[in-house]
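Data file: upload.txt. Format and content: compact mmCIF, C-alpha atoms.
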# COMPACT_ATOMS: atom_id res chain seq x y z
CA MET A 1 8.42 11.28 -19.76
CA GLU A 2 11.56 9.80 -18.28
CA THR A 3 10.93 7.12 -15.70
CA VAL A 4 13.42 6.66 -12.90
CA THR A 5 14.62 3.07 -12.78
CA HIS A 6 15.35 0.96 -9.74
CA SER A 7 18.80 -0.02 -10.99
CA SER A 8 21.23 0.98 -8.27
CA PRO A 9 24.90 0.87 -7.35
CA PHE A 10 24.07 -1.97 -4.99
CA ASP A 11 26.19 -4.56 -6.83
CA SER A 12 29.12 -2.17 -6.97
CA PHE A 13 28.80 -1.57 -3.23
CA LEU A 14 28.82 -5.32 -2.53
CA ASP A 15 31.88 -5.80 -4.74
CA ARG A 16 33.83 -3.22 -2.76
CA MET A 17 32.68 -4.75 0.52
CA ARG A 18 34.22 -8.06 -0.61
CA ASN A 19 37.58 -6.39 -0.85
CA PRO A 20 39.73 -7.40 2.17
CA ALA A 21 40.58 -3.73 2.67
CA SER A 22 36.94 -3.05 3.61
CA LEU A 23 36.96 -5.45 6.56
CA ASP A 24 36.65 -2.63 9.11
CA LEU A 25 33.56 -1.25 7.32
CA VAL A 26 32.01 -4.70 7.04
CA ARG A 27 32.44 -5.28 10.76
CA SER A 28 30.82 -1.95 11.61
CA ILE A 29 27.84 -2.67 9.37
CA LYS A 30 27.29 -6.19 10.68
CA SER A 31 27.67 -5.05 14.29
CA PHE A 32 25.05 -2.36 13.79
CA ILE A 33 22.57 -4.80 12.22
CA VAL A 34 23.05 -7.35 15.00
CA SER A 35 22.53 -4.67 17.65
CA PHE A 36 18.93 -4.27 16.51
CA SER A 37 18.15 -7.76 17.78
CA TYR A 38 18.74 -6.61 21.35
CA THR A 39 16.54 -3.53 21.45
CA ALA A 40 12.78 -3.05 21.61
CA SER A 41 11.19 -1.93 18.36
CA ASN A 42 10.39 1.78 18.38
CA PRO A 43 10.05 3.41 14.94
CA GLU A 44 11.10 6.92 15.94
CA THR A 45 14.07 5.68 17.97
CA ASN A 46 15.04 3.27 15.21
CA GLY A 47 14.86 6.04 12.65
CA LYS A 48 17.15 8.26 14.68
CA ARG A 49 19.65 5.45 15.23
CA ILE A 50 19.73 4.53 11.56
CA GLN A 51 20.15 8.13 10.40
CA GLU A 52 23.05 8.58 12.84
CA PHE A 53 24.63 5.36 11.59
CA PHE A 54 24.32 6.47 7.96
CA GLN A 55 26.05 9.75 8.83
CA THR A 56 28.84 7.94 10.69
CA MET A 57 29.34 5.54 7.80
CA GLU A 58 29.33 8.40 5.27
CA ASP A 59 32.27 9.99 7.10
CA ALA A 60 34.03 6.62 7.30
CA ILE A 61 33.54 5.85 3.61
CA ARG A 62 34.72 9.29 2.47
CA ASP A 63 37.91 8.85 4.53
CA HIS A 64 38.44 5.20 3.52
CA PRO A 65 41.34 4.25 1.19
CA LEU A 66 38.94 2.35 -1.11
CA TRP A 67 37.20 5.63 -1.94
CA ALA A 68 40.24 7.89 -1.71
CA SER A 69 40.18 8.77 -5.41
CA SER A 70 36.41 8.44 -5.89
CA SER A 71 34.20 11.21 -7.20
CA ASP A 72 31.27 12.56 -5.21
CA ASP A 73 28.90 10.49 -7.39
CA GLU A 74 30.83 7.29 -6.70
CA THR A 75 30.81 7.98 -2.98
CA ASP A 76 27.10 8.73 -3.10
CA ASN A 77 26.53 5.45 -4.95
CA ALA A 78 28.28 3.63 -2.13
CA LEU A 79 26.03 5.32 0.41
CA GLU A 80 22.96 4.33 -1.62
CA GLY A 81 24.22 0.75 -1.63
CA LEU A 82 24.78 0.92 2.12
CA GLU A 83 21.23 2.15 2.73
CA LYS A 84 19.75 -0.62 0.62
CA TYR A 85 21.85 -3.31 2.29
CA VAL A 86 21.09 -2.18 5.85
CA MET A 87 17.38 -1.58 5.34
CA THR A 88 16.89 -4.87 3.48
CA LYS A 89 18.48 -6.70 6.40
CA LEU A 90 16.41 -4.76 8.95
CA HIS A 91 13.13 -4.79 7.01
CA SER A 92 11.35 -7.24 9.31
CA ARG A 93 12.37 -5.18 12.34
CA THR A 94 11.51 -1.74 10.97
CA PHE A 95 8.59 -2.10 8.55
CA ALA A 96 5.03 -2.09 9.97
CA SER A 97 6.67 -2.87 13.28
CA THR A 98 3.91 -1.68 15.63
CA PRO A 99 0.26 -2.70 16.07
CA GLU A 100 -0.70 0.93 15.44
CA ASP A 101 0.96 0.90 12.01
CA VAL A 102 -0.77 -2.36 11.11
CA LYS A 103 -4.11 -0.92 12.23
CA ILE A 104 -3.73 2.24 10.15
CA ASP A 105 -2.71 0.22 7.10
CA ALA A 106 -5.87 -1.86 7.46
CA GLU A 107 -8.07 1.20 7.98
CA ILE A 108 -6.75 2.90 4.85
CA SER A 109 -7.08 -0.23 2.73
CA GLU A 110 -10.64 -0.85 3.92
CA LYS A 111 -11.64 2.79 3.42
CA ILE A 112 -10.24 2.79 -0.11
CA SER A 113 -11.95 -0.50 -0.99
CA LEU A 114 -15.27 1.12 -0.08
CA LEU A 115 -14.56 4.32 -2.00
CA GLN A 116 -13.54 2.36 -5.10
CA THR A 117 -17.12 1.17 -5.58
CA PHE A 118 -18.59 4.63 -6.25
CA LEU A 119 -16.01 7.45 -6.23
CA ARG A 120 -15.71 9.24 -9.57
CA PRO A 121 -13.33 12.01 -10.80
CA GLN A 122 -16.07 14.62 -10.56
CA HIS A 123 -16.39 13.96 -6.83
CA LEU A 124 -12.84 15.34 -6.49
CA ASP A 125 -13.52 18.19 -8.94
CA ILE A 126 -10.99 16.83 -11.42
CA PRO A 127 -11.42 18.74 -14.72
CA SER A 128 -12.39 16.69 -17.77
CA ALA A 129 -9.13 17.74 -19.45
CA LEU A 130 -7.22 15.76 -16.81
CA GLN A 131 -9.40 12.65 -16.99
CA ASN A 132 -7.13 10.28 -18.88
CA GLU A 133 -7.65 6.61 -18.03
CA ALA A 134 -4.48 5.46 -19.83
CA ALA A 135 -2.27 7.88 -17.89
CA TRP A 136 -4.04 7.07 -14.62
CA LEU A 137 -3.52 3.34 -15.18
CA LEU A 138 0.20 3.86 -15.72
CA ALA A 139 0.44 5.96 -12.56
CA GLU A 140 -1.49 3.31 -10.62
CA LYS A 141 0.89 0.57 -11.77
CA GLU A 142 3.90 2.53 -10.57
CA LEU A 143 2.34 3.22 -7.18
CA LYS A 144 1.28 -0.40 -6.70
CA LYS A 145 4.92 -1.48 -6.90
CA ILE A 146 5.83 0.33 -3.68
CA ASN A 147 5.28 -2.67 -1.42
CA ALA A 148 7.45 -4.94 -3.59
CA PHE A 149 10.62 -3.21 -2.42
CA LYS A 150 12.33 -3.12 0.97
CA ALA A 151 14.76 -0.25 0.54
CA PRO A 152 13.42 3.29 1.16
CA ARG A 153 15.04 4.59 -2.04
CA ASP A 154 13.24 2.01 -4.18
CA LYS A 155 9.92 2.78 -2.49
CA LEU A 156 10.44 6.49 -3.09
CA LEU A 157 11.20 5.87 -6.77
CA CYS A 158 7.75 4.30 -7.13
CA ILE A 159 6.21 7.52 -5.82
CA ILE A 160 8.41 9.66 -8.07
CA ASN A 161 7.53 7.62 -11.17
CA CYS A 162 3.81 7.74 -10.35
CA SER A 163 3.95 11.49 -9.74
CA ARG A 164 5.87 12.15 -12.94
CA VAL A 165 3.18 10.39 -14.93
CA ILE A 166 0.61 12.72 -13.36
CA ASN A 167 2.79 15.77 -13.96
CA ASN A 168 3.20 14.74 -17.60
CA LEU A 169 -0.59 14.47 -17.86
CA LEU A 170 -0.99 18.00 -16.48
CA LEU A 171 1.62 19.32 -18.90
CA ASN A 172 0.00 17.67 -21.93
CA ALA A 173 -3.42 18.97 -20.89
CA SER A 174 -2.09 22.51 -20.64
CA ILE A 175 -0.71 22.23 -24.18
CA SER A 176 -3.41 20.30 -26.05
CA GLU A 177 -6.54 21.08 -24.06
CA ASP A 178 -5.88 24.75 -23.34
CA HIS A 179 -6.16 23.87 -19.66
CA VAL A 180 -4.63 26.48 -17.39
CA PRO A 181 -2.26 24.62 -15.02
CA GLY A 182 -3.41 24.78 -11.43
CA GLY A 183 -0.23 23.47 -9.82
CA ALA A 184 -0.94 21.61 -6.59
CA ASP A 185 -4.66 22.36 -7.01
CA ASP A 186 -4.63 20.07 -10.05
CA PHE A 187 -1.92 17.65 -8.97
CA LEU A 188 -3.21 16.60 -5.54
CA PRO A 189 -6.79 15.64 -6.55
CA VAL A 190 -5.46 13.48 -9.38
CA LEU A 191 -2.93 11.87 -7.02
CA ILE A 192 -5.71 11.17 -4.52
CA TYR A 193 -7.86 9.57 -7.21
CA VAL A 194 -4.94 7.47 -8.52
CA THR A 195 -4.15 6.35 -4.96
CA ILE A 196 -7.75 5.26 -4.43
CA LYS A 197 -7.80 3.40 -7.75
CA ALA A 198 -4.48 1.69 -6.94
CA ASN A 199 -5.06 0.99 -3.22
CA PRO A 200 -1.35 0.26 -2.70
CA PRO A 201 -0.76 -2.31 0.07
CA GLN A 202 0.39 -1.00 3.46
CA LEU A 203 0.43 2.59 2.25
CA HIS A 204 0.93 4.11 5.71
CA SER A 205 3.85 1.83 6.58
CA ASN A 206 5.53 2.40 3.22
CA LEU A 207 5.35 6.17 3.63
CA LYS A 208 6.57 5.96 7.21
CA SER A 209 9.49 3.77 6.13
CA ILE A 210 10.60 6.39 3.62
CA GLN A 211 10.20 9.25 6.09
CA LEU A 212 12.18 7.50 8.84
CA TYR A 213 14.82 5.53 6.97
CA ARG A 214 15.57 7.28 3.69
CA ARG A 215 18.77 9.29 4.06
CA GLN A 216 17.62 12.75 5.03
CA SER A 217 19.93 14.45 2.54
CA LYS A 218 17.91 12.75 -0.23
CA LEU A 219 14.49 13.94 0.98
CA VAL A 220 14.75 17.28 -0.79
CA SER A 221 13.50 19.00 -3.91
CA GLU A 222 11.35 16.88 -6.25
CA ALA A 223 11.46 13.78 -4.03
CA ALA A 224 10.34 15.72 -0.97
CA TYR A 225 7.52 17.43 -2.89
CA TYR A 226 6.09 14.19 -4.26
CA LEU A 227 6.43 12.40 -0.92
CA THR A 228 4.71 15.26 0.91
CA ASN A 229 1.83 15.18 -1.57
CA LEU A 230 1.29 11.44 -1.14
CA VAL A 231 1.36 11.83 2.65
CA SER A 232 -1.30 14.54 2.22
CA ALA A 233 -3.33 12.23 -0.03
CA LYS A 234 -3.17 9.49 2.60
CA SER A 235 -4.37 11.86 5.33
CA PHE A 236 -7.15 13.14 3.08
CA ILE A 237 -8.38 9.60 2.41
CA LEU A 238 -8.29 8.65 6.09
CA ASP A 239 -10.37 11.69 7.07
CA LEU A 240 -12.54 11.70 3.95
CA ASN A 241 -16.27 12.24 4.37
CA ALA A 242 -19.12 13.77 2.34
CA LYS A 243 -17.89 17.30 3.07
CA SER A 244 -14.53 16.43 1.49
CA LEU A 245 -16.20 15.67 -1.86
CA SER A 246 -18.61 17.20 -4.32
CA ILE A 247 -21.41 14.86 -3.30
CA GLU A 248 -24.57 15.05 -1.21
CA GLU A 249 -24.14 13.65 2.28
CA SER A 250 -27.12 11.31 1.87
CA GLU A 251 -25.70 9.90 -1.36
CA PHE A 252 -22.28 9.47 0.24
CA MET A 253 -23.69 7.60 3.24
CA GLU A 254 -25.87 5.37 1.08
CA SER A 255 -22.96 4.58 -1.24
CA MET A 256 -20.67 3.72 1.68
CA GLU A 257 -23.32 1.48 3.24
CA ALA A 258 -23.92 -0.30 -0.07
CA ALA A 259 -20.16 -0.82 -0.42
CA ARG A 260 -19.98 -2.26 3.10
CA LEU A 261 -22.72 -4.74 2.27
CA VAL A 262 -20.89 -5.85 -0.85
CA ASN A 263 -17.61 -6.28 1.04
CA ARG A 264 -19.26 -8.00 3.98
CA VAL A 265 -20.77 -10.95 2.09
CA PRO A 266 -17.56 -12.95 1.43
CA GLN A 267 -16.15 -12.15 4.89
CA GLU A 268 -19.22 -13.33 6.77
CA THR A 269 -19.54 -16.36 4.49
CA VAL A 270 -16.27 -17.69 5.83
CA THR A 271 -17.25 -16.88 9.41
CA THR A 272 -20.54 -18.75 9.02
CA ILE A 273 -18.79 -21.89 7.81
CA ASP A 274 -16.03 -21.81 10.38
CA ASN A 275 -18.28 -21.27 13.39
CA ARG A 276 -21.95 -22.12 13.90
CA SER A 277 -24.91 -22.71 11.66
CA LYS A 278 -27.92 -20.40 11.58
CA PHE A 279 -29.74 -22.84 13.87
CA GLY A 280 -27.07 -22.68 16.56
CA LYS A 281 -25.85 -26.25 16.06
CA LEU A 282 -22.17 -26.98 16.39
CA MET A 283 -20.63 -27.90 13.06
CA ASP A 284 -19.56 -31.50 12.62
CA PRO A 285 -15.77 -31.46 12.32
CA GLY A 286 -15.71 -34.91 10.64
CA PRO A 287 -14.61 -35.61 7.08
CA SER A 288 -15.50 -32.06 6.02
CA THR A 289 -12.23 -30.93 7.62
CA LEU A 290 -10.50 -32.22 4.51
CA LEU A 291 -12.81 -30.15 2.35
CA HIS A 292 -11.78 -26.97 4.13
CA VAL A 293 -8.26 -27.49 2.84
CA LYS A 294 -9.48 -27.60 -0.75
CA THR A 295 -10.74 -24.03 -1.03
CA GLN A 296 -10.17 -21.15 -3.39
CA THR A 297 -8.24 -18.21 -1.95
CA ASN A 298 -8.78 -14.55 -2.61
CA ILE A 299 -6.06 -12.00 -3.25
CA ASN A 300 -5.66 -11.37 0.45
CA GLY A 301 -5.07 -15.05 1.18
CA GLY A 302 -8.54 -15.62 2.65
CA SER A 303 -10.82 -18.50 1.75
CA ASN A 304 -13.98 -17.28 0.01
CA TYR A 305 -15.22 -20.33 -1.92
CA PRO A 306 -15.46 -23.43 0.25
CA TYR A 307 -16.34 -26.74 -1.43
CA MET A 308 -15.36 -25.49 -4.89
CA GLU A 309 -13.21 -28.57 -5.49
CA ALA A 310 -15.40 -30.99 -3.55
CA GLU A 311 -17.26 -33.87 -5.19
CA ALA A 312 -20.88 -34.69 -4.29
CA GLY A 313 -19.86 -38.03 -2.79
CA GLU A 314 -17.48 -36.30 -0.39
CA LEU A 315 -20.19 -34.22 1.30
CA THR A 316 -21.39 -35.23 4.73
CA VAL A 317 -24.69 -34.39 6.41
CA GLY A 318 -22.84 -31.67 8.27
CA ASP A 319 -21.61 -30.22 4.97
CA VAL A 320 -25.16 -30.11 3.59
CA GLU A 321 -26.30 -28.25 6.70
CA ARG A 322 -23.47 -25.77 6.23
CA LEU A 323 -24.33 -25.21 2.59
CA LEU A 324 -28.02 -24.71 3.35
CA SER A 325 -27.20 -22.19 6.06
CA LEU A 326 -24.75 -20.50 3.73
CA TYR A 327 -27.32 -20.35 0.92
CA LYS A 328 -29.92 -18.71 3.18
CA ASP A 329 -27.33 -16.26 4.49
CA VAL A 330 -26.22 -15.24 0.99
CA VAL A 331 -29.83 -14.83 -0.23
CA THR A 332 -30.64 -12.64 2.77
CA LYS A 333 -27.61 -10.42 2.17
CA TYR A 334 -28.22 -10.29 -1.59
CA THR A 335 -31.83 -9.21 -1.03
CA SER A 336 -30.71 -6.53 1.41
CA LEU A 337 -28.07 -5.33 -1.03
CA CYS A 338 -30.57 -5.14 -3.90
CA ASN A 339 -32.96 -3.10 -1.79
CA THR A 340 -30.20 -0.70 -0.81
CA VAL A 341 -29.00 -0.25 -4.39
CA ARG A 342 -32.60 0.19 -5.61
CA HIS A 343 -33.20 2.82 -2.93
CA LEU A 344 -29.96 4.56 -3.90
CA SER A 345 -30.97 4.61 -7.57
CA VAL A 346 -34.39 6.04 -6.75
CA SER A 347 -32.83 8.73 -4.56
CA ARG A 348 -30.46 9.77 -7.32
CA THR A 349 -33.30 9.88 -9.86
CA GLN A 350 -35.43 12.08 -7.64
CA THR A 351 -32.57 14.54 -7.08

Please express the file's structure as structure tokens.
Amino acid sequence: METVTHSSPFDSFLDRMRNPASLDLVRSIKSFIVSFSYTASNPETNGKRIQEFFQTMEDAIRDHPLWASSSDDETDNALEGLEKYVMTKLHSRTFASTPEDVKIDAEISEKISLLQTFLRPQHLDIPSALQNEAAWLLAEKELKKINAFKAPRDKLLCIINCSRVINNLLLNASISEDHVPGGADDFLPVLIYVTIKANPPQLHSNLKSIQLYRRQSKLVSEAAYYLTNLVSAKSFILDLNAKSLSIEESEFMESMEAARLVNRVPQETVTTIDNRSKFGKLMDPGPSTLLHVKTQTNINGGSNYPYMEAEAGELTVGDVERLLSLYKDVVTKYTSLCNTVRHLSVSRTQT
């Protein structure tokens, strides 16, 4: 399988822009970028403005003396460099730029984190011939990279590389496993499962960025097909319920509730420490304030393990009260979780 790389004509574009003969183009680009500082952020309006600017600049570049003898590929490379430059500069203004986008990103991430605790390939009716952990892991790694890039083209390449891994898996299965290819009927469930396993950060905003700001002439053929499928996977996950899967509704609800309990423990632990004790007493803000700085952080930047670096002699009476309250809270949640899991296991055994 050939993987598309993120190497681009960006450096070549910058070199040409340093040429004094490109001063008129440079001024147009900088003027457009600055103009965004004076307008309210609206994704759809921004997308239309940027697409119109790309079209205007394409005409200007094709007619410019610096590209007078250039091939179509060289001109296209310049346009790719232009897109990357503009969208990198405007990233903070255009990416996840509305509260609604931020909310949807959080909803998807939370939903996926719950599904990760119990969802299996058979729940999505993925044939055993397509269950290849090594291939899935490679696809996951490609998809996880999507948030590391600012330019729409680079984000789209992550989707293309991920999808090609899956397509290669389907092809190999059809050859070695005598599996009859099912096209989209095979591809989409595997993509959904890979997406859930990967839980790529800010999935909604990344897809929206590609849809709005990737040059429209490039959203065709293979790229358009893979992008459309990932958008469908995102929508499927957002709306997913027991009826979407091969699973009993009671088992689905119990599994989701158990997952919520598991995810809730570290979140509420921090809340308990930062607010009030179980007995309703205000926490002493004294020397323990220093201890709050010395905490372990989770992958999301949150503090989950207060007092991990504290010494016994540093603890105050207020700290001991916090720890006692925390201990009781954790034991209560752990007991509840054990009961839920035990009930779930019994239910599955009986069915």

Problem - Of the listed residues A:Arg62, A:Arg260, A:Lys144, A:Lys150, that which approaches Asn77 in chain A most closely, counting only C-alpha atoms - result: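 Nearest to Asn77 in chain A: A:Arg62.
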
Practice task
May I have the residues within 10 Å of Ser109 in chain A as a VMD selection string, using all atoms listed in the file and disregarding those fewer than 6 positions away in the same chain?
Solution key: chain A and resid 103 115 196 199 to 204 237 to 238

Exercise for the section: Give me the residues within 12 Å of range 8-17 of chain A as a ChimeraX atom specification, counting only C-alpha atoms and dropping any in the same chain fewer than 4 places off. Expected result: /A:4,21-30,61,64-67,73-86,88,151,153-154,157

Problem - Long-range neighbours of Phe236 in chain A as a count of residues only, 10 Å cut-off, only C-alpha atoms, 5 positions minimum in chain - result: 6

Practice task
Find, counting all atoms listed in the file, the residue in A:Ser235, A:Ser163, A:Asn172, A:Thr335 that gets nearest to Ile108 in chain A.
Solution key: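 For Ile108 in chain A, the nearest of the given residues is A:Ser235.
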
Practice task
Calculate how many Å separate CA of Leu143 in chain A from CA of Ile159 in chain A, rounding to one decimal.
Solution key: 5.9 Å

Practice task
Record the distance separating CA of Asn229 in chain A and CA of Asp185 in chain A, expressed in Å with one decimal.
Solution key: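 It comes out at 11.1 Å.
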
Exercise for the section: Could you please determine the separation between CA of Tyr225 in chain A and CA of Trp136 in chain A in Å, to one decimal place? Expected result: 19.5 Å

Polymer residues at most 7 Å from range 45-51 of chain A, all atoms listed in the file, same-chain spacing of 6 or more positions, as a compact mmCIF listing (two decimals) with C-alpha atoms, keeping the file's coordinate frame:
# COMPACT_ATOMS: atom_id res chain seq x y z
CA LEU A 212 12.18 7.50 8.84
CA TYR A 213 14.82 5.53 6.97
CA ARG A 215 18.77 9.29 4.06

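Among the candidate residues A:Met256, A:Ala134, A:Ala184, A:Ile247, the one lying nearest to Ala233 in chain A is A:Ala184, with distances computed using all atoms listed in the file.
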
As AutoDock Vina command-line options, what would the box around range 30-43 of chain A look like: edges along x, y and z, 5 Å added on every side, centre and edge lengths in Å to one decimal?
--center_x 18.9 --center_y -2.2 --center_z 16.1 --size_x 27.6 --size_y 21.2 --size_z 20.9

Problem - A:Ser174, A:Ile160, A:Glu142, A:Ser97 ranked by distance to Ser221 in chain A, top pick (using all atoms listed in the file) - result: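 Using all atoms listed in the file, the shortest distance to Ser221 in chain A belongs to A:Ile160.
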